[in-house]
>>> print(open('query03.cif').read())   # mmCIF, C-alpha atoms
data_protein
#
loop_
_atom_site.group_PDB
_atom_site.id
_atom_site.type_symbol
_atom_site.label_atom_id
_atom_site.label_comp_id
_atom_site.auth_asym_id
_atom_site.auth_seq_id
_atom_site.Cartn_x
_atom_site.Cartn_y
_atom_site.Cartn_z
ATOM 1 C CA MET A 7 98.295 138.298 104.120
ATOM 2 C CA GLU A 8 94.864 136.664 104.117
ATOM 3 C CA GLN A 9 96.438 133.268 103.429
ATOM 4 C CA VAL A 10 98.827 133.749 106.358
ATOM 5 C CA VAL A 11 95.934 134.562 108.723
ATOM 6 C CA GLU A 12 94.044 131.483 107.520
ATOM 7 C CA TYR A 13 97.141 129.416 108.242
ATOM 8 C CA LEU A 14 97.466 130.466 111.912
ATOM 9 C CA PRO A 15 95.196 127.721 113.361
ATOM 10 C CA LEU A 16 97.053 125.115 111.275
ATOM 11 C CA LEU A 17 100.434 126.405 112.486
ATOM 12 C CA ALA A 18 99.273 126.273 116.110
ATOM 13 C CA TRP A 19 98.129 122.657 115.696
ATOM 14 C CA LEU A 20 101.381 121.709 113.965
ATOM 15 C CA VAL A 21 103.618 123.320 116.582
ATOM 16 C CA ALA A 22 101.711 121.268 119.173
ATOM 17 C CA ALA A 23 102.193 118.164 117.019
ATOM 18 C CA GLY A 24 105.907 118.994 116.733
ATOM 19 C CA VAL A 25 106.182 119.260 120.507
ATOM 20 C CA GLY A 26 104.505 115.862 120.860
ATOM 21 C CA ALA A 27 106.728 114.375 118.167
ATOM 22 C CA GLY A 28 109.859 115.742 119.807
ATOM 23 C CA LEU A 29 108.878 114.433 123.228
ATOM 24 C CA MET A 30 107.950 110.997 121.875
ATOM 25 C CA ALA A 31 111.070 110.759 119.722
ATOM 26 C CA GLY A 32 113.342 111.700 122.603
ATOM 27 C CA LEU A 33 111.463 109.574 125.124
ATOM 28 C CA LEU A 34 111.176 106.404 123.031
ATOM 29 C CA GLY A 35 114.342 106.744 120.945
ATOM 30 C CA VAL A 36 112.485 106.501 117.634
ATOM 31 C CA GLY A 37 113.017 108.668 114.582
ATOM 32 C CA GLY A 38 110.736 111.668 114.278
ATOM 33 C CA GLY A 39 108.978 110.365 111.160
ATOM 34 C CA ILE A 40 107.205 107.489 112.886
ATOM 35 C CA VAL A 41 105.703 110.118 115.213
ATOM 36 C CA MET A 42 105.337 113.104 112.874
ATOM 37 C CA VAL A 43 103.427 111.351 110.082
ATOM 38 C CA PRO A 44 100.486 110.162 112.256
ATOM 39 C CA ALA A 45 100.458 113.522 114.075
ATOM 40 C CA MET A 46 100.326 115.478 110.813
ATOM 41 C CA ALA A 47 97.709 113.152 109.330
ATOM 42 C CA ALA A 48 95.472 113.781 112.349
ATOM 43 C CA VAL A 49 95.955 117.566 112.173
ATOM 44 C CA PHE A 50 95.376 117.685 108.406
ATOM 45 C CA GLN A 51 92.149 115.732 108.865
ATOM 46 C CA ILE A 52 90.968 118.150 111.562
ATOM 47 C CA ILE A 53 91.498 121.191 109.323
ATOM 48 C CA GLY A 54 89.658 119.567 106.414
ATOM 49 C CA MET A 55 92.450 118.792 103.961
ATOM 50 C CA PRO A 56 91.244 116.479 101.155
ATOM 51 C CA ASP A 57 91.515 112.878 102.341
ATOM 52 C CA GLU A 58 93.186 111.699 99.140
ATOM 53 C CA ILE A 59 96.328 113.786 99.754
ATOM 54 C CA ILE A 60 96.607 113.819 103.575
ATOM 55 C CA MET A 61 99.085 110.926 103.787
ATOM 56 C CA HIS A 62 101.112 112.175 100.816
ATOM 57 C CA VAL A 63 101.560 115.644 102.345
ATOM 58 C CA ALA A 64 102.278 114.191 105.807
ATOM 59 C CA VAL A 65 104.895 111.745 104.494
ATOM 60 C CA ALA A 66 106.585 114.293 102.203
ATOM 61 C CA THR A 67 106.728 116.978 104.886
ATOM 62 C CA SER A 68 108.117 114.507 107.423
ATOM 63 C CA LEU A 69 110.919 113.608 104.996
ATOM 64 C CA ALA A 70 111.728 117.305 104.536
ATOM 65 C CA VAL A 71 112.032 117.735 108.325
ATOM 66 C CA ILE A 72 114.270 114.665 108.603
ATOM 67 C CA VAL A 73 116.899 116.114 106.219
ATOM 68 C CA PRO A 74 118.277 118.835 108.578
ATOM 69 C CA THR A 75 117.671 116.879 111.795
ATOM 70 C CA GLY A 76 119.268 113.778 110.241
ATOM 71 C CA LEU A 77 122.339 115.737 109.184
ATOM 72 C CA SER A 78 122.797 116.971 112.748
ATOM 73 C CA SER A 79 122.402 113.471 114.184
ATOM 74 C CA ALA A 80 124.753 111.944 111.582
ATOM 75 C CA ARG A 81 127.434 114.533 112.312
ATOM 76 C CA SER A 82 127.218 113.738 116.013
ATOM 77 C CA HIS A 83 127.613 109.978 115.439
ATOM 78 C CA ALA A 84 130.444 110.512 112.926
ATOM 79 C CA LYS A 85 132.449 112.472 115.507
ATOM 80 C CA ARG A 86 132.219 109.446 117.796
ATOM 81 C CA GLY A 87 133.446 107.134 115.034
ATOM 82 C CA ALA A 88 130.154 105.224 114.984
ATOM 83 C CA VAL A 89 129.510 105.536 111.234
ATOM 84 C CA ALA A 90 130.886 102.566 109.256
ATOM 85 C CA LYS A 91 132.187 103.719 105.867
ATOM 86 C CA ASP A 92 131.964 100.245 104.330
ATOM 87 C CA LEU A 93 128.270 100.079 105.217
ATOM 88 C CA LEU A 94 127.685 103.551 103.782
ATOM 89 C CA ILE A 95 129.325 102.476 100.513
ATOM 90 C CA MET A 96 127.179 99.322 100.308
ATOM 91 C CA TRP A 97 123.896 100.903 101.426
ATOM 92 C CA ALA A 98 123.839 104.506 100.150
ATOM 93 C CA PRO A 99 123.659 104.001 96.326
ATOM 94 C CA ALA A 100 120.804 101.482 96.433
ATOM 95 C CA MET A 101 119.044 103.460 99.149
ATOM 96 C CA VAL A 102 119.215 106.781 97.279
ATOM 97 C CA ILE A 103 117.811 105.277 94.056
ATOM 98 C CA ALA A 104 115.049 103.348 95.844
ATOM 99 C CA ALA A 105 114.038 106.336 98.000
ATOM 100 C CA PHE A 106 113.844 108.636 94.973
ATOM 101 C CA VAL A 107 111.757 106.073 93.072
ATOM 102 C CA GLY A 108 109.509 105.774 96.129
ATOM 103 C CA GLY A 109 108.919 109.522 96.236
ATOM 104 C CA VAL A 110 108.208 109.747 92.503
ATOM 105 C CA THR A 111 105.883 106.729 92.422
ATOM 106 C CA ALA A 112 103.999 107.759 95.594
ATOM 107 C CA GLY A 113 101.708 109.864 93.438
ATOM 108 C CA PHE A 114 100.375 106.670 91.862
ATOM 109 C CA TYR A 115 99.317 105.256 95.241
ATOM 110 C CA SER A 116 95.959 106.058 96.803
ATOM 111 C CA ALA A 117 95.627 107.440 100.325
ATOM 112 C CA GLN A 118 94.376 104.016 101.445
ATOM 113 C CA VAL A 119 97.475 102.257 100.108
ATOM 114 C CA MET A 120 99.778 104.816 101.791
ATOM 115 C CA SER A 121 97.956 104.343 105.104
ATOM 116 C CA LEU A 122 98.069 100.557 104.750
ATOM 117 C CA ILE A 123 101.820 100.539 104.057
ATOM 118 C CA PHE A 124 102.447 102.706 107.126
ATOM 119 C CA GLY A 125 100.134 100.633 109.318
ATOM 120 C CA VAL A 126 101.515 97.229 108.327
ATOM 121 C CA MET A 127 105.135 98.333 108.695
ATOM 122 C CA ALA A 128 104.431 100.032 112.039
ATOM 123 C CA PHE A 129 102.948 96.725 113.232
ATOM 124 C CA PHE A 130 106.059 94.837 112.094
ATOM 125 C CA ILE A 131 108.368 97.364 113.806
ATOM 126 C CA ALA A 132 106.332 97.098 117.024
ATOM 127 C CA VAL A 133 106.481 93.293 117.127
ATOM 128 C CA ASN A 134 110.130 93.242 116.039
ATOM 129 C CA SER A 135 111.080 95.575 118.903
ATOM 130 C CA VAL A 136 109.821 93.013 121.418
ATOM 131 C CA VAL A 137 110.356 89.693 119.603
ATOM 132 C CA PRO A 138 113.516 89.597 117.406
ATOM 133 C CA ILE A 139 111.746 88.297 114.288
ATOM 134 C CA GLN A 140 114.225 89.918 111.919
ATOM 135 C CA GLN A 141 117.192 88.407 113.720
ATOM 136 C CA LYS A 142 115.723 84.919 113.251
ATOM 137 C CA LEU A 143 114.821 85.528 109.592
ATOM 138 C CA MET A 144 118.086 87.171 108.513
ATOM 139 C CA GLY A 145 120.628 85.814 110.991
ATOM 140 C CA ASN A 146 121.877 83.146 108.566
ATOM 141 C CA LEU A 147 122.116 85.286 105.426
ATOM 142 C CA GLY A 148 125.678 86.401 106.063
ATOM 143 C CA ASP A 149 127.431 89.761 105.850
ATOM 144 C CA SER A 150 127.588 89.850 102.023
ATOM 145 C CA LYS A 151 127.435 92.865 99.701
ATOM 146 C CA PRO A 152 124.356 91.640 97.742
ATOM 147 C CA THR A 153 122.442 91.081 100.980
ATOM 148 C CA HIS A 154 123.280 94.589 102.194
ATOM 149 C CA SER A 155 122.396 96.205 98.840
ATOM 150 C CA ILE A 156 119.051 94.412 98.528
ATOM 151 C CA SER A 157 118.199 95.271 102.138
ATOM 152 C CA ALA A 158 119.141 98.918 101.538
ATOM 153 C CA ALA A 159 116.936 99.152 98.443
ATOM 154 C CA PHE A 160 113.928 97.636 100.219
ATOM 155 C CA ILE A 161 114.340 99.830 103.305
ATOM 156 C CA GLY A 162 114.921 102.946 101.191
ATOM 157 C CA TYR A 163 111.734 102.385 99.184
ATOM 158 C CA ILE A 164 109.484 101.484 102.126
ATOM 159 C CA SER A 165 110.875 104.274 104.331
ATOM 160 C CA SER A 166 110.241 106.852 101.596
ATOM 161 C CA LEU A 167 106.572 105.813 101.490
ATOM 162 C CA MET A 168 106.326 105.983 105.297
ATOM 163 C CA GLY A 169 108.122 109.316 105.707
ATOM 164 C CA ILE A 170 110.742 107.910 108.080
ATOM 165 C CA GLY A 171 114.531 107.893 108.185
ATOM 166 C CA GLY A 172 114.569 104.098 108.217
ATOM 167 C CA GLY A 173 116.415 103.580 111.497
ATOM 168 C CA SER A 174 113.708 101.321 112.927
ATOM 169 C CA LEU A 175 114.299 99.017 109.944
ATOM 170 C CA SER A 176 117.992 99.457 109.118
ATOM 171 C CA VAL A 177 119.327 99.089 112.685
ATOM 172 C CA PRO A 178 117.810 95.612 113.286
ATOM 173 C CA THR A 179 118.818 94.635 109.738
ATOM 174 C CA MET A 180 122.466 95.572 110.283
ATOM 175 C CA THR A 181 122.587 93.854 113.668
ATOM 176 C CA ALA A 182 120.968 90.740 112.163
ATOM 177 C CA LEU A 183 123.754 90.747 109.569
ATOM 178 C CA GLY A 184 126.362 90.754 112.317
ATOM 179 C CA ARG A 185 127.205 94.419 112.888
ATOM 180 C CA PRO A 186 127.527 95.879 116.438
ATOM 181 C CA VAL A 187 124.459 97.804 117.569
ATOM 182 C CA HIS A 188 126.346 101.104 118.156
ATOM 183 C CA THR A 189 127.751 100.952 114.623
ATOM 184 C CA ALA A 190 124.295 100.145 113.263
ATOM 185 C CA VAL A 191 122.704 103.091 115.079
ATOM 186 C CA GLY A 192 125.414 105.554 113.995
ATOM 187 C CA THR A 193 125.447 104.404 110.373
ATOM 188 C CA SER A 194 121.657 104.368 110.244
ATOM 189 C CA SER A 195 121.541 108.010 111.345
ATOM 190 C CA ALA A 196 123.710 108.962 108.371
ATOM 191 C CA LEU A 197 121.696 106.797 105.982
ATOM 192 C CA GLY A 198 118.517 108.575 107.086
ATOM 193 C CA VAL A 199 119.654 111.586 105.057
ATOM 194 C CA PHE A 200 120.261 109.344 102.019
ATOM 195 C CA ILE A 201 116.605 108.310 102.306
ATOM 196 C CA ALA A 202 114.971 111.620 103.204
ATOM 197 C CA LEU A 203 116.627 113.931 100.661
ATOM 198 C CA PRO A 204 116.039 111.938 97.430
ATOM 199 C CA ALA A 205 112.600 110.847 98.632
ATOM 200 C CA ALA A 206 111.642 114.481 99.367
ATOM 201 C CA VAL A 207 112.780 115.473 95.865
ATOM 202 C CA GLY A 208 110.658 112.625 94.486
ATOM 203 C CA PHE A 209 107.607 113.886 96.397
ATOM 204 C CA ILE A 210 108.174 117.393 95.021
ATOM 205 C CA ILE A 211 108.074 115.945 91.493
ATOM 206 C CA SER A 212 105.077 113.668 92.055
ATOM 207 C CA GLY A 213 103.073 116.372 93.830
ATOM 208 C CA TRP A 214 104.018 119.339 91.632
ATOM 209 C CA SER A 215 100.663 119.831 89.872
ATOM 210 C CA VAL A 216 98.362 118.043 92.320
ATOM 211 C CA ALA A 217 95.213 119.945 93.279
ATOM 212 C CA GLY A 218 94.268 120.564 96.902
ATOM 213 C CA VAL A 219 97.738 120.825 98.458
ATOM 214 C CA PRO A 220 97.903 123.606 101.083
ATOM 215 C CA ALA A 221 99.248 127.071 100.294
ATOM 216 C CA PHE A 222 103.028 127.605 100.460
ATOM 217 C CA SER A 223 103.761 124.033 99.379
ATOM 218 C CA ILE A 224 106.440 122.682 97.037
ATOM 219 C CA GLY A 225 104.941 119.596 95.488
ATOM 220 C CA TYR A 226 103.573 117.584 98.405
ATOM 221 C CA ILE A 227 105.852 119.323 100.946
ATOM 222 C CA SER A 228 104.082 121.914 103.121
ATOM 223 C CA LEU A 229 106.692 124.517 104.082
ATOM 224 C CA PRO A 230 104.712 126.003 107.032
ATOM 225 C CA ALA A 231 104.078 122.503 108.400
ATOM 226 C CA MET A 232 107.744 121.649 107.968
ATOM 227 C CA ALA A 233 108.894 124.752 109.880
ATOM 228 C CA SER A 234 106.319 124.343 112.662
ATOM 229 C CA LEU A 235 107.115 120.675 113.235
ATOM 230 C CA ALA A 236 110.860 121.237 113.119
ATOM 231 C CA ILE A 237 110.690 123.964 115.774
ATOM 232 C CA GLY A 238 108.598 121.879 118.159
ATOM 233 C CA ALA A 239 110.544 118.654 117.563
ATOM 234 C CA ILE A 240 114.035 120.169 117.866
ATOM 235 C CA VAL A 241 113.217 122.071 121.059
ATOM 236 C CA PHE A 242 111.427 119.254 122.863
ATOM 237 C CA ALA A 243 113.355 116.135 121.743
ATOM 238 C CA PRO A 244 116.074 116.784 124.392
ATOM 239 C CA VAL A 245 113.329 117.074 127.036
ATOM 240 C CA GLY A 246 111.987 113.664 126.056
ATOM 241 C CA ALA A 247 115.524 112.221 126.107
ATOM 242 C CA MET A 248 116.104 113.652 129.593
ATOM 243 C CA ILE A 249 112.907 112.012 130.863
ATOM 244 C CA ALA A 250 113.866 108.728 129.158
ATOM 245 C CA HIS A 251 117.129 108.482 131.117
ATOM 246 C CA LYS A 252 115.098 108.411 134.327
ATOM 247 C CA LEU A 253 112.882 105.536 133.212
ATOM 248 C CA SER A 254 113.410 101.805 132.737
ATOM 249 C CA ALA A 255 114.646 100.694 129.284
ATOM 250 C CA VAL A 256 112.265 97.719 129.398
ATOM 251 C CA LEU A 257 109.347 100.026 130.190
ATOM 252 C CA LEU A 258 110.255 102.339 127.301
ATOM 253 C CA LYS A 259 110.461 99.402 124.878
ATOM 254 C CA ARG A 260 106.981 98.295 125.934
ATOM 255 C CA VAL A 261 105.629 101.841 125.634
ATOM 256 C CA LEU A 262 107.120 102.075 122.138
ATOM 257 C CA ALA A 263 105.525 98.782 121.123
ATOM 258 C CA VAL A 264 102.112 99.860 122.456
ATOM 259 C CA TYR A 265 102.378 103.259 120.743
ATOM 260 C CA LEU A 266 103.256 101.654 117.398
ATOM 261 C CA LEU A 267 100.464 99.101 117.709
ATOM 262 C CA ILE A 268 97.939 101.902 118.304
ATOM 263 C CA VAL A 269 99.276 103.856 115.319
ATOM 264 C CA SER A 270 99.276 100.688 113.219
ATOM 265 C CA ALA A 271 95.674 99.832 114.098
ATOM 266 C CA ARG A 272 94.530 103.390 113.373
ATOM 267 C CA MET A 273 96.250 103.482 109.969
ATOM 268 C CA ILE A 274 95.037 100.024 108.897
ATOM 269 C CA LEU A 275 91.458 100.734 109.988
ATOM 270 C CA LYS A 276 91.590 104.056 108.139
ATOM 271 C CA ALA A 277 92.815 102.273 104.996
ATOM 272 C CA ILE A 278 90.145 99.602 105.193
ATOM 273 C CA GLY A 279 87.397 102.063 106.085
ATOM 274 C CA GLY A 280 88.527 104.591 103.460
#
>>> encode(input="query03.cif", output="structure tokens")
Amino acid sequence: MEQVVEYLPLLAWLVAAGVGAGLMAGLLGVGGGIVMVPAMAAVFQIIGMPDEIIMHVAVATSLAVIVPTGLSSARSHAKRGAVAKDLLIMWAPAMVIAAFVGGVTAGFYSAQVMSLIFGVMAFFIAVNSVVPIQQKLMGNLGDSKPTHSISAAFIGYISSLMGIGGGSLSVPTMTALGRPVHTAVGTSSALGVFIALPAAVGFIISGWSVAGVPAFSIGYISLPAMASLAIGAIVFAPVGAMIAHKLSAVLLKRVLAVYLLIVSARMILKAIGG
């Protein structure tokens, strides 16, 4: 009971973070992970969690939240026929293996390395959302199975270390390889589960005997944080989406880029300063 009472301030902070994550995700059309990880990292720092495990717990818990929300999103896209089975067959095996390896090997990375990976990739995603760098780099590679498999493995591994479902990387990759954007978005939503679930299992293994993780955790995954974030994100994501429909798409893209650049700068400075 004493542990539960001690957890109340943390739960309050995390519900607030979940609300913010839901609003931002719905408003900007990004996956929850790119919002939840920085939010959790900030909250964990405020409550005094050891610096060396903050990013690991934030990333692992974000992946755990993505599993149920990703399943719901994937089911919705599948009903609309927007999930390409041939892409799933090419991407899922490599993605599952790479994501699991990412979760297991995350324990070997320092907090600074985890922050740096998140910051650098957030910067790339921000720039790529405004200037189609990926389209120019990959546009001539062709729609071949090896290209898809290698891309899936890279995205699965990096996404597992960032705590994201990979949509911000897999959608532009699929479109660069010649697939329609609606198909890319729908298929990416399904693939998010193929990243989050094996990666979460990997983080459970790598964090199983680590000291300093909060109470009621499985490996690096904080169950109270997971529940609090999920509640806030699920309830408020539709609110953000409703607001988004009333705003300019160009404005939202610029807001997303600015948000990611701020997150990127914060993470990189934290890594360098840490």
>>> resolve_selection(input="query03.cif", expression="the PyMOL selection byres ((chain A and resi 228) around 12)", output="MDAnalysis selection string")
chainID A and resid 13 16:17 20 46 50 59:60 62:71 206 209:210 213:214 218:227 229:235
>>> closest_residue(input="query03.cif", among="A:Ser150, A:Ser155, A:Ser194, A:Gln140", to="A:Met96", atoms="only C-alpha atoms")
A:Ser155
>>> closest_residue(input="query03.cif", among="A:Leu147, A:Ala205, A:Met273, A:Ile211", to="A:Ala104", atoms="only C-alpha atoms")
A:Ala205
>>> closest_residue(input="query03.cif", among="A:Tyr115, A:Ala128, A:Gly169, A:Trp97", to="A:Thr153", atoms="all atoms listed in the file")
A:Trp97
>>> resolve_selection(input="query03.cif", expression="the PyMOL selection byres ((chain A and resi 91-93) around 9)", output="PyMOL selection string")
chain A and resi 89-90+94-98+154+180+190+193
>>> atom_distance(input="query03.cif", atom1="atom CA of A:Val241", atom2="atom CA of A:Arg81")
18.3 Å
>>> atom_distance(input="query03.cif", atom1="atom CA of A:Gly208", atom2="atom CA of A:Gly108")
7.1 Å
>>> closest_residue(input="query03.cif", among="A:Thr189, A:Asn134, A:Ser166, A:Gln141", to="A:Gly87", atoms="all atoms listed in the file")
A:Thr189
>>> residues_around(input="query03.cif", residues="A:Leu267", least_positions_apart="4", cutoff="8 Å", atoms="all atoms listed in the file", output="list in words")
Ala128, Phe129, Ala132, Ala263 and Ala271 of chain A
>>> closest_residue(input="query03.cif", among="A:Gly238, A:Gly28, A:Ser270, A:Trp19", to="A:Ala48", atoms="only C-alpha atoms")
A:Trp19
>>> decode(input="query03.cif", residues="stretch 219-239 of chain A", atoms="N, CA and C atoms", output="JSON list (two decimals), in the first residue's frame")
[["chain", "number", "residue", "atom", "x", "y", "z"],
["A", 219, "VAL", "N", 15.03, 0.17, -11.42],
["A", 219, "VAL", "CA", 13.77, 0.31, -12.16],
["A", 219, "VAL", "C", 12.65, 0.54, -11.15],
["A", 220, "PRO", "N", 11.60, 1.29, -11.53],
["A", 220, "PRO", "CA", 10.53, 1.59, -10.57],
["A", 220, "PRO", "C", 9.76, 0.34, -10.17],
["A", 221, "ALA", "N", 9.04, 0.44, -9.05],
["A", 221, "ALA", "CA", 8.21, -0.67, -8.58],
["A", 221, "ALA", "C", 7.15, -1.02, -9.62],
["A", 222, "PHE", "N", 6.69, -2.27, -9.59],
["A", 222, "PHE", "CA", 5.66, -2.77, -10.51],
["A", 222, "PHE", "C", 6.14, -2.70, -11.96],
["A", 223, "SER", "N", 7.40, -3.07, -12.17],
["A", 223, "SER", "CA", 7.95, -3.11, -13.53],
["A", 223, "SER", "C", 8.25, -4.54, -13.92],
["A", 224, "ILE", "N", 8.15, -4.82, -15.23],
["A", 224, "ILE", "CA", 8.58, -6.10, -15.79],
["A", 224, "ILE", "C", 9.76, -5.79, -16.70],
["A", 225, "GLY", "N", 10.96, -6.15, -16.26],
["A", 225, "GLY", "CA", 12.13, -5.71, -16.99],
["A", 225, "GLY", "C", 12.18, -4.18, -16.96],
["A", 226, "TYR", "N", 12.37, -3.58, -18.13],
["A", 226, "TYR", "CA", 12.38, -2.12, -18.22],
["A", 226, "TYR", "C", 10.97, -1.52, -18.34],
["A", 227, "ILE", "N", 9.94, -2.33, -18.49],
["A", 227, "ILE", "CA", 8.59, -1.81, -18.71],
["A", 227, "ILE", "C", 7.91, -1.48, -17.38],
["A", 228, "SER", "N", 7.54, -0.22, -17.21],
["A", 228, "SER", "CA", 6.82, 0.23, -16.01],
["A", 228, "SER", "C", 5.32, 0.07, -16.26],
["A", 229, "LEU", "N", 4.69, -0.86, -15.55],
["A", 229, "LEU", "CA", 3.26, -1.12, -15.76],
["A", 229, "LEU", "C", 2.37, 0.07, -15.38],
["A", 230, "PRO", "N", 2.62, 0.75, -14.24],
["A", 230, "PRO", "CA", 1.80, 1.93, -13.92],
["A", 230, "PRO", "C", 1.95, 3.03, -14.97],
["A", 231, "ALA", "N", 3.18, 3.25, -15.44],
["A", 231, "ALA", "CA", 3.40, 4.26, -16.48],
["A", 231, "ALA", "C", 2.67, 3.88, -17.76],
["A", 232, "MET", "N", 2.74, 2.61, -18.10],
["A", 232, "MET", "CA", 2.07, 2.11, -19.30],
["A", 232, "MET", "C", 0.57, 2.37, -19.23],
["A", 233, "ALA", "N", -0.06, 2.02, -18.10],
["A", 233, "ALA", "CA", -1.50, 2.20, -17.94],
["A", 233, "ALA", "C", -1.89, 3.67, -17.96],
["A", 234, "SER", "N", -1.12, 4.50, -17.25],
["A", 234, "SER", "CA", -1.43, 5.93, -17.17],
["A", 234, "SER", "C", -1.34, 6.61, -18.54],
["A", 235, "LEU", "N", -0.27, 6.30, -19.26],
["A", 235, "LEU", "CA", -0.08, 6.89, -20.59],
["A", 235, "LEU", "C", -1.16, 6.42, -21.56],
["A", 236, "ALA", "N", -1.47, 5.14, -21.51],
["A", 236, "ALA", "CA", -2.47, 4.58, -22.42],
["A", 236, "ALA", "C", -3.82, 5.25, -22.23],
["A", 237, "ILE", "N", -4.21, 5.45, -20.97],
["A", 237, "ILE", "CA", -5.51, 6.08, -20.68],
["A", 237, "ILE", "C", -5.55, 7.50, -21.25],
["A", 238, "GLY", "N", -4.53, 8.29, -20.93],
["A", 238, "GLY", "CA", -4.50, 9.67, -21.43],
["A", 238, "GLY", "C", -4.42, 9.75, -22.94],
["A", 239, "ALA", "N", -3.59, 8.90, -23.55],
["A", 239, "ALA", "CA", -3.38, 8.95, -25.00],
["A", 239, "ALA", "C", -4.63, 8.50, -25.76]]
